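Enquirer: What follows is a single structure, and I will ask about it in a moment.
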Number of protein chains: 2
Amino acid sequence: MHIVNVALHEIFQALSDPYRIRIIRLMLESKSELCLCELSDALEEPEYKLSRHVKILKNSGLIDSVREGKWIYHSLVTDEKYLKLLHKAVSVFPDSANQLARDFARFQKRLNIREAGRCRQPSRVIDEKQKVRR
Amino acid sequence: MHIVNVALHEIFQALSDPYRIRIIRLMLESKSELCLCELSDALEEPEYKLSRHVKILKNSGLIDSVREGKWIYHSLVTDEKYLKLLHKAVSVFPDSANQLARDFARFQKRLNIREAGRCRQPSRVIDEKQKVRR
DNA sequence: GATACACTTGCATATTTGTGCAAGTGTTTA
DNA sequence: TAAACACTTGCACAAATATGCAAGTGTATC
């Protein structure tokens, strides 16, 4: 019951930012819940920045979030209609800069430090380039 | 060959305005070319305003324009992929305020003063409320 | 209770966006 | 050539958006 009273232009507005598209593409590709620190490692952007983008996607009804202890796991809504729309969009407009491949590779690495399928480790630098986070 | 090098977030950005959505919905519904003065009558908004919104949609590759004498006819691109995406979007997020019904009704009225299927009359007030245009 | 960590947010600021007005361009017609 | 009309755009300005920093909240662990 999330998207009641959200106008179409508001959905598009939520999707009108390159970082938010990277988040959506990553979620579509990984089919996984992911928390902010993992997202931060995947996109190599600071948490406070992505936190706001996630909030916008959440307010537009495109993603759901669940708290589990210290972590909050975010994922795409399960409604097939919205998922199909998003899939259609990303397939019609492919990721020409190949950003998804890089984001997804970093996310896969980050997944390795999960324990029992959950984020249980302090967020850490995966390679040396990644000094973006404090 | 329009949409080369347009990123997905730019498409969404072009669609992130309520007036631009009204234009797209009207074009999807009417399946017709329409010129700016007709659009202005349909949406009850001044031409200079809609001219800019049309330009944005055009730059994003979503609509095509052809000049015929004084008039420039605008229509959705013919590419089935983009059309399907737009159709999907408007069906998943229906026009809850029923704006399309009103825009389309005014557009239908405006069509009556076409000659030989083309805009040939000076744009005029259709009903008294419509004093928006000079 | 104190500390640690995941995440959020108030504030300041730079940039982008939407819009009205008035002046402009381009084309046709008198 | 002048006037009419469809459409566009330079300028000014208000509102919305994105972002960094630093301080905040909430939860678990020591």
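Residue names in the structure tokens use chain letters A, B, ... in the order shown, residue numbers from 1 in each chain, and ligand numbers from 1 in the order shown.
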Near DT13 of chain C, within 10 Å and counting only C-alpha atoms (C1' of nucleotides), which residues show up once chain neighbours fewer than 2 positions away are dropped, as a VMD selection string?
Expert: (chain C and resid 11 15) or (chain D and resid 19 to 20)
Enquirer: Please report, as CSV, each residue of chain B lying at most 8 Å from chain C, together with the nearest pair of atoms and the separation in Å rounded to one decimal; use only C-alpha atoms (C1' of nucleotides), and order rows by chain and ascending residue number.
Expert:
residue,atom,partner,partner_atom,distance
B:Lys49,CA,C:DT19,C1',7.3
B:Gly69,CA,C:DT27,C1',5.9
B:Lys70,CA,C:DT27,C1',5.1
Enquirer: Got a sec to pull out which chain A residues are within 12 Å of chain D, counting only C-alpha atoms (C1' of nucleotides), and send them as a PyMOL selection string?
Expert: chain A and resi 13-14+16-19+45-53+56+67-72+120
Enquirer: List every residue of chain B that has an atom at most 7 Å from any atom of chain A, giving for each one its closest atom pair and the distance in Å to one decimal, counting only C-alpha atoms, sorted by chain and then by ascending residue number, as a tab-separated table.
Expert:
residue	atom	partner	partner_atom	distance
B:Ala7	CA	A:Phe93	CA	7.0
B:Leu8	CA	A:Phe93	CA	5.7
B:His9	CA	A:Ser16	CA	4.5
B:Glu10	CA	A:Ser16	CA	6.3
B:Phe12	CA	A:Ser16	CA	4.9
B:Gln13	CA	A:Ser16	CA	4.4
B:Leu15	CA	A:Phe12	CA	5.9
B:Ser16	CA	A:Gln13	CA	4.4
B:Asp17	CA	A:His9	CA	5.5
B:Pro18	CA	A:His9	CA	5.6
B:Ile21	CA	A:His9	CA	6.4
B:Lys81	CA	A:Val92	CA	6.7
B:Leu85	CA	A:Lys88	CA	6.6
B:Lys88	CA	A:Leu85	CA	6.6
B:Ala89	CA	A:Leu85	CA	6.6
B:Val92	CA	A:Lys81	CA	6.6
B:Phe93	CA	A:Leu8	CA	5.7
Enquirer: Take the residues just selected and output them with C-alpha atoms as an mmCIF file, in the first residue's frame.
Expert:
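Contents of again.cif, as written:
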data_model
loop_
_atom_site.group_PDB
_atom_site.id
_atom_site.type_symbol
_atom_site.label_atom_id
_atom_site.label_comp_id
_atom_site.auth_asym_id
_atom_site.auth_seq_id
_atom_site.Cartn_x
_atom_site.Cartn_y
_atom_site.Cartn_z
ATOM 1 C CA ALA B 7 21.278 8.467 -19.838
ATOM 2 C CA LEU B 8 18.340 6.904 -18.052
ATOM 3 C CA HIS B 9 18.239 9.532 -15.333
ATOM 4 C CA GLU B 10 17.982 12.195 -18.023
ATOM 5 C CA PHE B 12 13.338 10.436 -16.015
ATOM 6 C CA GLN B 13 14.370 14.012 -15.424
ATOM 7 C CA LEU B 15 9.459 13.264 -17.268
ATOM 8 C CA SER B 16 9.680 14.697 -13.761
ATOM 9 C CA ASP B 17 7.399 17.683 -14.280
ATOM 10 C CA PRO B 18 3.585 17.626 -14.043
ATOM 11 C CA ILE B 21 3.456 14.393 -17.931
ATOM 12 C CA LYS B 81 10.304 0.372 -27.193
ATOM 13 C CA LEU B 85 7.728 2.064 -21.682
ATOM 14 C CA LYS B 88 3.502 0.952 -19.047
ATOM 15 C CA ALA B 89 4.325 3.937 -16.862
ATOM 16 C CA VAL B 92 0.963 1.587 -13.585
ATOM 17 C CA PHE B 93 0.526 5.109 -12.256
#
Enquirer: Give the strand (DSSP E or B) residues of segment 40-127 of chain A, as assigned by DSSP on the backbone, as a VMD selection string.
Expert: chain A and resid 63 to 68 71 to 76 115 118
Enquirer: Write the residues of the preceding selection, restricted to all heavy atoms, as a short mmCIF file (atom, residue, chain, number, x, y, z; two decimals), in the first residue's frame.
Expert:
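Result file follows (result_3.cif):
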data_model
loop_
_atom_site.label_atom_id
_atom_site.label_comp_id
_atom_site.auth_asym_id
_atom_site.auth_seq_id
_atom_site.Cartn_x
_atom_site.Cartn_y
_atom_site.Cartn_z
N ILE A 63 11.33 1.80 -2.80
CA ILE A 63 12.05 0.82 -1.99
C ILE A 63 11.45 0.71 -0.60
O ILE A 63 10.81 1.63 -0.10
CB ILE A 63 13.57 1.13 -1.89
CG1 ILE A 63 13.83 2.39 -1.09
CG2 ILE A 63 14.20 1.26 -3.26
CD1 ILE A 63 15.31 2.67 -0.97
N ASP A 64 11.65 -0.46 -0.04
CA ASP A 64 11.22 -0.74 1.32
C ASP A 64 12.45 -0.88 2.20
O ASP A 64 13.52 -1.25 1.73
CB ASP A 64 10.45 -2.07 1.37
CG ASP A 64 9.03 -1.91 0.88
OD1 ASP A 64 8.50 -0.79 0.98
OD2 ASP A 64 8.46 -2.90 0.40
N SER A 65 12.29 -0.62 3.49
CA SER A 65 13.41 -0.72 4.41
C SER A 65 12.97 -1.44 5.67
O SER A 65 11.86 -1.26 6.15
CB SER A 65 13.92 0.67 4.76
OG SER A 65 14.21 1.41 3.60
N VAL A 66 13.86 -2.26 6.19
CA VAL A 66 13.60 -2.97 7.45
C VAL A 66 14.80 -2.81 8.36
O VAL A 66 15.93 -3.03 7.93
CB VAL A 66 13.45 -4.50 7.23
CG1 VAL A 66 12.38 -5.06 8.13
CG2 VAL A 66 13.26 -4.86 5.80
N ARG A 67 14.56 -2.44 9.58
CA ARG A 67 15.65 -2.35 10.54
C ARG A 67 15.92 -3.72 11.15
O ARG A 67 15.00 -4.46 11.49
CB ARG A 67 15.35 -1.35 11.64
CG ARG A 67 16.47 -1.22 12.67
CD ARG A 67 16.17 -0.20 13.74
NE ARG A 67 16.55 1.15 13.37
CZ ARG A 67 17.78 1.65 13.49
NH1 ARG A 67 18.77 0.88 13.94
NH2 ARG A 67 18.03 2.89 13.17
N GLU A 68 17.19 -4.06 11.25
CA GLU A 68 17.61 -5.27 11.96
C GLU A 68 18.78 -4.87 12.82
O GLU A 68 19.92 -4.81 12.36
CB GLU A 68 18.05 -6.36 10.98
CG GLU A 68 16.90 -7.06 10.31
CD GLU A 68 17.37 -8.25 9.47
OE1 GLU A 68 18.45 -8.81 9.77
OE2 GLU A 68 16.65 -8.61 8.52
N TRP A 71 21.50 -2.21 11.74
CA TRP A 71 21.43 -2.06 10.29
C TRP A 71 20.01 -1.85 9.79
O TRP A 71 19.06 -2.33 10.39
CB TRP A 71 22.03 -3.30 9.62
CG TRP A 71 23.49 -3.45 9.86
CD1 TRP A 71 24.50 -2.96 9.09
CD2 TRP A 71 24.12 -4.12 10.95
NE1 TRP A 71 25.73 -3.28 9.63
CE2 TRP A 71 25.52 -3.99 10.77
CE3 TRP A 71 23.65 -4.82 12.07
CZ2 TRP A 71 26.44 -4.54 11.67
CZ3 TRP A 71 24.55 -5.36 12.96
CH2 TRP A 71 25.94 -5.22 12.76
N ILE A 72 19.92 -1.17 8.69
CA ILE A 72 18.64 -1.03 8.01
C ILE A 72 18.81 -1.57 6.60
O ILE A 72 19.64 -1.07 5.83
CB ILE A 72 18.18 0.44 7.97
CG1 ILE A 72 17.98 0.96 9.39
CG2 ILE A 72 16.89 0.58 7.18
CD1 ILE A 72 17.61 2.43 9.48
N TYR A 73 18.05 -2.62 6.28
CA TYR A 73 18.18 -3.23 4.97
C TYR A 73 17.18 -2.65 4.00
O TYR A 73 15.99 -2.56 4.30
CB TYR A 73 18.00 -4.76 5.08
CG TYR A 73 19.18 -5.40 5.75
CD1 TYR A 73 19.19 -5.62 7.14
CD2 TYR A 73 20.32 -5.73 5.02
CE1 TYR A 73 20.29 -6.18 7.77
CE2 TYR A 73 21.43 -6.29 5.65
CZ TYR A 73 21.40 -6.51 7.02
OH TYR A 73 22.50 -7.05 7.64
N HIS A 74 17.69 -2.27 2.85
CA HIS A 74 16.84 -1.65 1.82
C HIS A 74 16.71 -2.60 0.64
O HIS A 74 17.66 -3.29 0.28
CB HIS A 74 17.47 -0.34 1.34
CG HIS A 74 17.80 0.60 2.45
ND1 HIS A 74 16.83 1.37 3.09
CD2 HIS A 74 18.97 0.91 3.05
CE1 HIS A 74 17.41 2.11 4.02
NE2 HIS A 74 18.70 1.84 4.03
N SER A 75 15.53 -2.60 0.05
CA SER A 75 15.33 -3.41 -1.16
C SER A 75 14.21 -2.81 -1.99
O SER A 75 13.42 -2.00 -1.49
CB SER A 75 14.98 -4.85 -0.77
OG SER A 75 13.87 -4.83 0.11
N LEU A 76 14.16 -3.21 -3.23
CA LEU A 76 13.08 -2.74 -4.09
C LEU A 76 11.75 -3.26 -3.58
O LEU A 76 11.69 -4.32 -2.95
CB LEU A 76 13.30 -3.23 -5.53
CG LEU A 76 14.48 -2.59 -6.26
CD1 LEU A 76 14.67 -3.25 -7.62
CD2 LEU A 76 14.28 -1.09 -6.41
N GLU A 115 28.11 -12.15 7.43
CA GLU A 115 28.09 -13.40 8.20
C GLU A 115 26.66 -13.86 8.29
O GLU A 115 25.78 -13.08 8.67
CB GLU A 115 28.65 -13.18 9.62
CG GLU A 115 30.15 -12.98 9.64
CD GLU A 115 30.63 -12.59 11.04
OE1 GLU A 115 29.89 -12.82 12.02
OE2 GLU A 115 31.76 -12.05 11.14
N ARG A 118 24.09 -11.67 6.63
CA ARG A 118 23.77 -10.34 7.14
C ARG A 118 25.04 -9.52 7.31
O ARG A 118 26.10 -10.07 7.61
CB ARG A 118 23.05 -10.43 8.50
CG ARG A 118 21.77 -11.22 8.51
CD ARG A 118 20.59 -10.40 8.05
NE ARG A 118 20.33 -10.58 6.62
CZ ARG A 118 19.30 -10.02 5.98
NH1 ARG A 118 18.46 -9.25 6.62
NH2 ARG A 118 19.15 -10.21 4.68
#
